[in-house]
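Structure file final10.txt (compact mmCIF, C-alpha atoms) is printed below.
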```txt
# COMPACT_ATOMS: atom_id res chain seq x y z
CA MET G 18 -16.93 5.32 -10.78
CA PHE G 19 -19.70 6.04 -8.25
CA GLU G 20 -19.15 7.72 -4.89
CA ASN G 21 -19.50 5.30 -1.91
CA PHE G 22 -20.10 2.37 -4.27
CA ASP G 23 -19.31 -1.21 -3.29
CA SER G 24 -17.80 -2.44 -6.57
CA ALA G 25 -17.58 -6.09 -5.49
CA ARG G 26 -21.30 -6.14 -4.60
CA GLY G 27 -22.07 -4.25 -7.82
CA ALA G 28 -20.17 -6.83 -9.86
CA ARG G 29 -22.11 -9.66 -8.18
CA TYR G 30 -25.36 -7.83 -8.94
CA VAL G 31 -24.54 -7.21 -12.63
CA THR G 32 -23.41 -10.82 -13.05
CA ALA G 33 -26.63 -12.06 -11.43
CA VAL G 34 -28.77 -9.80 -13.66
CA TYR G 35 -26.90 -10.95 -16.77
CA ALA G 36 -27.30 -14.63 -15.80
CA ALA G 37 -31.02 -14.17 -15.08
CA LEU G 38 -31.56 -12.48 -18.45
CA ALA G 39 -29.57 -15.19 -20.23
CA HIS G 40 -31.93 -17.76 -18.70
CA GLY G 41 -35.00 -15.84 -19.90
CA ALA G 42 -36.06 -14.28 -16.59
CA PRO G 43 -38.72 -11.60 -17.21
CA LEU G 44 -36.88 -8.78 -15.44
CA PRO G 45 -38.22 -5.21 -15.69
CA LEU G 46 -35.73 -3.41 -17.94
CA THR G 47 -35.40 0.26 -18.76
CA ASP G 48 -33.24 2.13 -21.24
CA ARG G 49 -33.36 5.33 -19.16
CA CYS G 50 -31.32 6.23 -16.07
CA THR G 51 -33.65 7.21 -13.23
CA GLU G 52 -31.11 9.60 -11.72
CA CYS G 53 -30.31 11.79 -14.74
CA GLY G 54 -32.93 10.81 -17.30
CA GLU G 55 -30.27 9.98 -19.91
CA VAL G 56 -30.71 7.11 -22.37
CA PRO G 57 -27.13 5.83 -22.47
CA GLY G 58 -25.78 3.48 -25.09
CA TRP G 59 -23.71 0.38 -24.54
CA PRO G 60 -20.99 0.42 -23.43
CA ASN G 61 -21.18 3.55 -21.29
CA GLU G 62 -18.71 4.92 -18.75
CA ASP G 63 -21.26 6.80 -16.59
CA HIS G 64 -23.83 4.00 -16.24
CA ILE G 65 -23.68 0.23 -15.96
CA THR G 66 -25.57 -1.10 -18.96
CA LEU G 67 -26.06 -4.50 -20.56
CA PRO G 68 -26.62 -4.98 -24.28
CA ARG G 69 -30.02 -6.12 -25.52
CA PRO G 70 -30.45 -8.37 -28.56
CA ASP G 71 -31.77 -5.39 -30.60
CA GLY G 72 -28.54 -3.44 -29.95
CA SER G 73 -29.99 -1.01 -27.41
CA ALA G 74 -28.79 -0.87 -23.81
CA ALA G 75 -30.59 -1.81 -20.61
CA VAL G 76 -29.49 0.35 -17.67
CA VAL G 77 -28.92 -1.91 -14.64
CA ILE G 78 -27.06 0.58 -12.40
CA GLY G 79 -27.79 4.30 -12.74
CA CYS G 80 -25.19 7.08 -12.83
CA GLU G 81 -25.39 7.55 -9.03
CA GLY G 82 -25.11 3.83 -8.27
CA TYR G 83 -28.85 3.03 -7.92
CA TYR G 84 -29.75 -0.59 -8.76
CA LEU G 85 -32.60 -0.30 -11.25
CA ILE G 86 -33.60 -3.98 -11.09
CA ASN G 87 -34.62 -5.37 -7.72
CA PRO G 88 -31.55 -7.29 -6.50
CA ASN G 89 -33.84 -9.69 -4.62
CA LEU G 90 -35.17 -10.90 -8.01
CA VAL G 91 -31.70 -12.14 -8.95
CA GLY G 92 -30.67 -13.68 -5.63
CA ILE G 93 -28.89 -10.69 -4.07
CA ASP G 94 -30.19 -9.93 -0.57
CA ALA G 95 -31.32 -6.28 -0.45
CA PRO G 96 -34.11 -5.82 2.12
CA ASP G 97 -33.94 -2.01 1.89
CA TRP G 98 -34.11 -1.78 -1.91
CA GLN G 99 -36.94 0.47 -3.14
CA PRO G 100 -38.71 -0.02 -6.48
CA LEU G 101 -38.45 2.49 -9.27
CA PRO G 102 -40.36 5.58 -8.20
CA ALA G 103 -41.79 6.13 -11.68
CA ASP G 104 -41.97 3.97 -14.74
CA LEU G 105 -39.34 5.69 -16.86
CA ASP G 106 -39.32 3.27 -19.74
CA LYS G 107 -39.57 3.96 -23.47
CA THR G 108 -43.13 5.27 -23.06
CA SER G 109 -41.95 8.11 -20.79
CA GLN G 110 -40.19 11.28 -21.79
CA VAL G 111 -37.92 13.18 -19.42
CA VAL G 112 -38.80 16.86 -19.45
CA LEU G 113 -36.21 18.13 -16.98
CA GLY G 114 -33.51 16.62 -14.83
CA TYR G 115 -31.16 18.13 -12.27
CA SER G 116 -28.73 16.76 -9.69
CA ASP G 117 -26.13 18.14 -7.31
CA ASP G 118 -24.65 17.08 -3.97
CA HIS G 119 -27.97 17.62 -2.17
CA VAL G 120 -30.70 16.40 -4.51
CA ALA G 121 -31.48 14.57 -7.75
CA VAL G 122 -34.75 15.50 -9.47
CA THR G 123 -36.43 14.35 -12.68
CA VAL G 124 -39.69 15.52 -14.24
CA ALA G 125 -41.01 13.09 -16.84
CA THR G 126 -44.29 12.56 -18.65
CA ASP G 127 -46.07 9.38 -19.59
CA GLY G 128 -48.26 11.34 -22.01
CA ASN G 129 -51.07 11.76 -19.48
CA HIS G 130 -49.40 12.99 -16.28
CA PHE G 131 -46.17 14.59 -15.11
CA ILE G 132 -44.08 12.59 -12.66
CA LEU G 133 -41.69 14.37 -10.32
CA THR G 134 -39.12 11.92 -8.98
CA TRP G 135 -36.59 13.06 -6.42
CA ASN G 136 -34.00 11.85 -3.96
CA ASP G 137 -32.31 13.85 -1.17
CA TYR G 138 -29.66 11.12 -0.68
CA VAL G 139 -30.86 10.60 2.90
CA THR G 140 -33.66 8.04 2.86
CA ASN G 141 -35.60 6.99 -0.23
CA GLU G 142 -36.64 8.24 -3.63
CA TRP G 143 -40.05 9.83 -3.87
CA SER G 144 -42.41 9.99 -6.80
CA GLU G 145 -45.25 12.49 -7.13
CA THR G 146 -47.71 12.65 -10.04
CA TYR G 147 -49.25 15.92 -11.22
CA PRO G 148 -51.90 16.73 -13.84
CA ALA G 149 -49.95 19.53 -15.58
CA LEU G 150 -46.35 20.42 -16.35
CA SER G 151 -46.75 23.84 -14.70
CA ILE G 152 -47.76 22.17 -11.41
CA ALA G 153 -44.88 19.66 -11.57
CA LEU G 154 -42.41 22.47 -12.27
CA ALA G 155 -43.81 24.54 -9.40
CA ARG G 156 -43.23 21.57 -7.08
CA PHE G 157 -39.75 21.21 -8.61
CA ALA G 158 -39.10 24.88 -7.73
CA ALA G 159 -40.33 24.38 -4.15
CA LEU G 160 -38.11 21.32 -3.80
CA MET G 161 -35.09 23.23 -5.11
CA ARG G 162 -35.77 26.04 -2.60
CA CYS G 163 -35.63 23.49 0.24
CA SER G 164 -32.39 22.04 -1.15
CA GLU G 165 -30.82 25.48 -1.64
CA HIS G 166 -31.40 26.11 2.08
CA ASN G 167 -29.72 22.80 3.05
CA TRP G 168 -33.10 21.28 4.00
CA ASP G 169 -33.44 23.76 6.92
CA ILE G 170 -36.82 24.60 5.38
CA GLY G 171 -39.35 22.05 4.18
CA PHE G 172 -42.53 21.67 2.20
CA VAL G 173 -45.65 23.38 3.52
CA ASN G 174 -48.00 21.27 1.37
CA THR G 175 -48.14 17.53 0.84
CA PRO G 176 -48.28 16.34 -2.78
CA GLY G 177 -52.06 16.04 -2.38
CA THR G 178 -52.62 19.64 -1.24
CA PHE G 179 -49.90 21.13 -3.44
CA VAL G 180 -52.01 21.12 -6.63
CA ALA G 181 -54.57 23.57 -5.23
CA ALA G 182 -51.84 25.82 -3.75
CA ALA G 183 -49.92 25.87 -7.03
CA GLU G 184 -53.10 26.53 -9.05
CA GLN G 185 -53.85 29.53 -6.82
CA PHE G 186 -50.29 30.88 -7.14
CA LEU G 187 -50.13 30.35 -10.91
CA ALA G 188 -53.55 31.98 -11.39
CA SER G 189 -52.31 35.04 -9.49
CA GLU G 190 -49.23 35.25 -11.71
CA ALA G 191 -50.77 34.38 -15.09
CA SER G 192 -54.39 35.39 -15.49
```

How does this structure look as structure tokens?
Amino acid sequence: MFENFDSARGARYVTAVYAALAHGAPLPLTDRCTECGEVPGWPNEDHITLPRPDGSAAVVIGCEGYYLINPNLVGIDAPDWQPLPADLDKTSQVVLGYSDDHVAVTVATDGNHFILTWNDYVTNEWSETYPALSIALARFAALMRCSEHNWDIGFVNTPGTFVAAAEQFLASEAS
């Protein structure tokens, strides 16, 4: 189902999550896949989901094999697990999502900010928050340029300095 996925470990994880939920553990659940932004139903062949009492699905393993609930919370040792980079629950709306062999990127909004979440499949997922959709999409474009060049080029600006650089560029293009 997922490339380079340990299905035995995944089965132990899903079983542990299901058991914890059955015993009333307050686990952080989401109905949205952090890799593609999709809200899959249950059952689903591209995501590992568990049914909720209201009939909706909780995504426990995303479409690329990412464990959405901290395995350490359910007794599975995972010292390198990283928390969700952005809170993509029912209060967030995915604006744009893209993935290929080099990168997975999602732009979502919580109604106040735009969250760019990305993963280059090398180390961790990153999450960057921007005040406007145009700025988040400009960062998305810069990220895609790096990916298109096989990461031989990199960002010039950090997320903190990118807003001013993008504002200057956008003002020069749309004034």

Could you produce a table of the residues of segment 72-142 of chain G lying within 12 Å of segment 162-176 of chain G, with the nearest pair of atoms per residue and their separation in Å rounded to one decimal, using all atoms listed in the file, ordered by chain and increasing residue number, as JSON lines?
```
{"residue": "G:Tyr115", "atom": "CA", "partner": "G:Ser164", "partner_atom": "CA", "distance": 11.9}
{"residue": "G:Ser116", "atom": "CA", "partner": "G:Ser164", "partner_atom": "CA", "distance": 10.7}
{"residue": "G:Asp117", "atom": "CA", "partner": "G:Ser164", "partner_atom": "CA", "distance": 9.6}
{"residue": "G:Asp118", "atom": "CA", "partner": "G:Ser164", "partner_atom": "CA", "distance": 9.6}
{"residue": "G:His119", "atom": "CA", "partner": "G:Ser164", "partner_atom": "CA", "distance": 6.3}
{"residue": "G:Val120", "atom": "CA", "partner": "G:Ser164", "partner_atom": "CA", "distance": 6.8}
{"residue": "G:Ala121", "atom": "CA", "partner": "G:Ser164", "partner_atom": "CA", "distance": 10.0}
{"residue": "G:Val122", "atom": "CA", "partner": "G:Ser164", "partner_atom": "CA", "distance": 10.8}
{"residue": "G:Ile132", "atom": "CA", "partner": "G:Pro176", "partner_atom": "CA", "distance": 11.4}
{"residue": "G:Leu133", "atom": "CA", "partner": "G:Pro176", "partner_atom": "CA", "distance": 10.2}
{"residue": "G:Thr134", "atom": "CA", "partner": "G:Pro176", "partner_atom": "CA", "distance": 11.9}
{"residue": "G:Trp135", "atom": "CA", "partner": "G:Ser164", "partner_atom": "CA", "distance": 11.2}
{"residue": "G:Asn136", "atom": "CA", "partner": "G:Ser164", "partner_atom": "CA", "distance": 10.7}
{"residue": "G:Asp137", "atom": "CA", "partner": "G:Ser164", "partner_atom": "CA", "distance": 8.2}
{"residue": "G:Tyr138", "atom": "CA", "partner": "G:Ser164", "partner_atom": "CA", "distance": 11.3}
{"residue": "G:Val139", "atom": "CA", "partner": "G:Trp168", "partner_atom": "CA", "distance": 11.0}
```

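Proximity of G:Asn61, G:Thr51, G:Thr66, G:Thr123 to Ala158 of chain G, computed with only C-alpha atoms, is greatest for G:Thr123.
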
- prompt: So which one's closest to Gly177 of chain G, G:Ile152, G:Ala25, G:Met161, G:Leu44? Using all atoms listed in the file, please.
  reply: G:Ile152

field: Nearest-residue call for Val31 of chain G, choices G:Val180, G:Ala125, G:Ala74, G:Ile86, using only C-alpha atoms
entry: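 Distance minimum relative to Val31 of chain G lands on G:Ile86.
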
Edge lengths and centre in Å to one decimal, as lines of an AutoDock Vina configuration file, is what I'm after for the box along x, y and z that holds all listed atoms of segment 56-71 of chain G once 4 Å is added on each side.
```
center_x = -25.2
center_y = -0.6
center_z = -23.3
size_x = 21.1
size_y = 23.5
size_z = 22.6
```

With a distance cut-off of 12 Å and only C-alpha atoms, select the neighbouring residues of Val112 of chain G, excluding the residue or stretch itself and same-chain residues fewer than 4 positions from it, and output the selection as an mmCIF file with C-alpha atoms, in the coordinates of the input.
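Written file, out_8.cif:
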```cif
data_model
loop_
_atom_site.group_PDB
_atom_site.id
_atom_site.type_symbol
_atom_site.label_atom_id
_atom_site.label_comp_id
_atom_site.auth_asym_id
_atom_site.auth_seq_id
_atom_site.Cartn_x
_atom_site.Cartn_y
_atom_site.Cartn_z
ATOM 1 C CA CYS G 53 -30.310 11.790 -14.740
ATOM 2 C CA GLY G 54 -32.930 10.810 -17.300
ATOM 3 C CA GLU G 55 -30.270 9.980 -19.910
ATOM 4 C CA LEU G 105 -39.340 5.690 -16.860
ATOM 5 C CA VAL G 122 -34.750 15.500 -9.470
ATOM 6 C CA THR G 123 -36.430 14.350 -12.680
ATOM 7 C CA VAL G 124 -39.690 15.520 -14.240
ATOM 8 C CA ALA G 125 -41.010 13.090 -16.840
ATOM 9 C CA THR G 126 -44.290 12.560 -18.650
ATOM 10 C CA ASP G 127 -46.070 9.380 -19.590
ATOM 11 C CA GLY G 128 -48.260 11.340 -22.010
ATOM 12 C CA HIS G 130 -49.400 12.990 -16.280
ATOM 13 C CA PHE G 131 -46.170 14.590 -15.110
ATOM 14 C CA ILE G 132 -44.080 12.590 -12.660
ATOM 15 C CA LEU G 133 -41.690 14.370 -10.320
ATOM 16 C CA THR G 134 -39.120 11.920 -8.980
ATOM 17 C CA LEU G 150 -46.350 20.420 -16.350
ATOM 18 C CA SER G 151 -46.750 23.840 -14.700
ATOM 19 C CA ALA G 153 -44.880 19.660 -11.570
ATOM 20 C CA LEU G 154 -42.410 22.470 -12.270
ATOM 21 C CA PHE G 157 -39.750 21.210 -8.610
#
```

Test item: residues at most 12 Å from Pro60 of chain G, all atoms listed in the file, excluding those fewer than 2 positions along its chain, as a tab-separated table (two decimals) with C-alpha atoms, keeping the file's coordinate frame:
```
chain	number	residue	atom	x	y	z
G	56	VAL	CA	-30.71	7.11	-22.37
G	57	PRO	CA	-27.13	5.83	-22.47
G	58	GLY	CA	-25.78	3.48	-25.09
G	62	GLU	CA	-18.71	4.92	-18.75
G	63	ASP	CA	-21.26	6.80	-16.59
G	64	HIS	CA	-23.83	4.00	-16.24
G	65	ILE	CA	-23.68	0.23	-15.96
G	66	THR	CA	-25.57	-1.10	-18.96
G	67	LEU	CA	-26.06	-4.50	-20.56
G	68	PRO	CA	-26.62	-4.98	-24.28
G	69	ARG	CA	-30.02	-6.12	-25.52
G	72	GLY	CA	-28.54	-3.44	-29.95
G	73	SER	CA	-29.99	-1.01	-27.41
G	74	ALA	CA	-28.79	-0.87	-23.81
G	75	ALA	CA	-30.59	-1.81	-20.61
G	76	VAL	CA	-29.49	0.35	-17.67
```

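Take atom CA of Glu81 of chain G and atom CA of Val34 of chain G: the distance between them is 18.3 Å.
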
field: Shortest interatomic distance to Ala37 of chain G - which of G:Ala95, G:Trp59, G:Leu90, G:Asp71, counting only C-alpha atoms
entry: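 Going through G:Ala95, G:Trp59, G:Leu90, G:Asp71 one by one, the smallest distance to Ala37 of chain G is for G:Leu90.
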
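If you look at atom CA of Ser144 of chain G and atom CA of Leu113 of chain G, they are 14.4 Å away from each other.
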
- prompt: What separation in Å, quoted to one decimal, exists between atom CA of Gly82 of chain G and atom CA of Tyr147 of chain G?
  reply: 27.2 Å
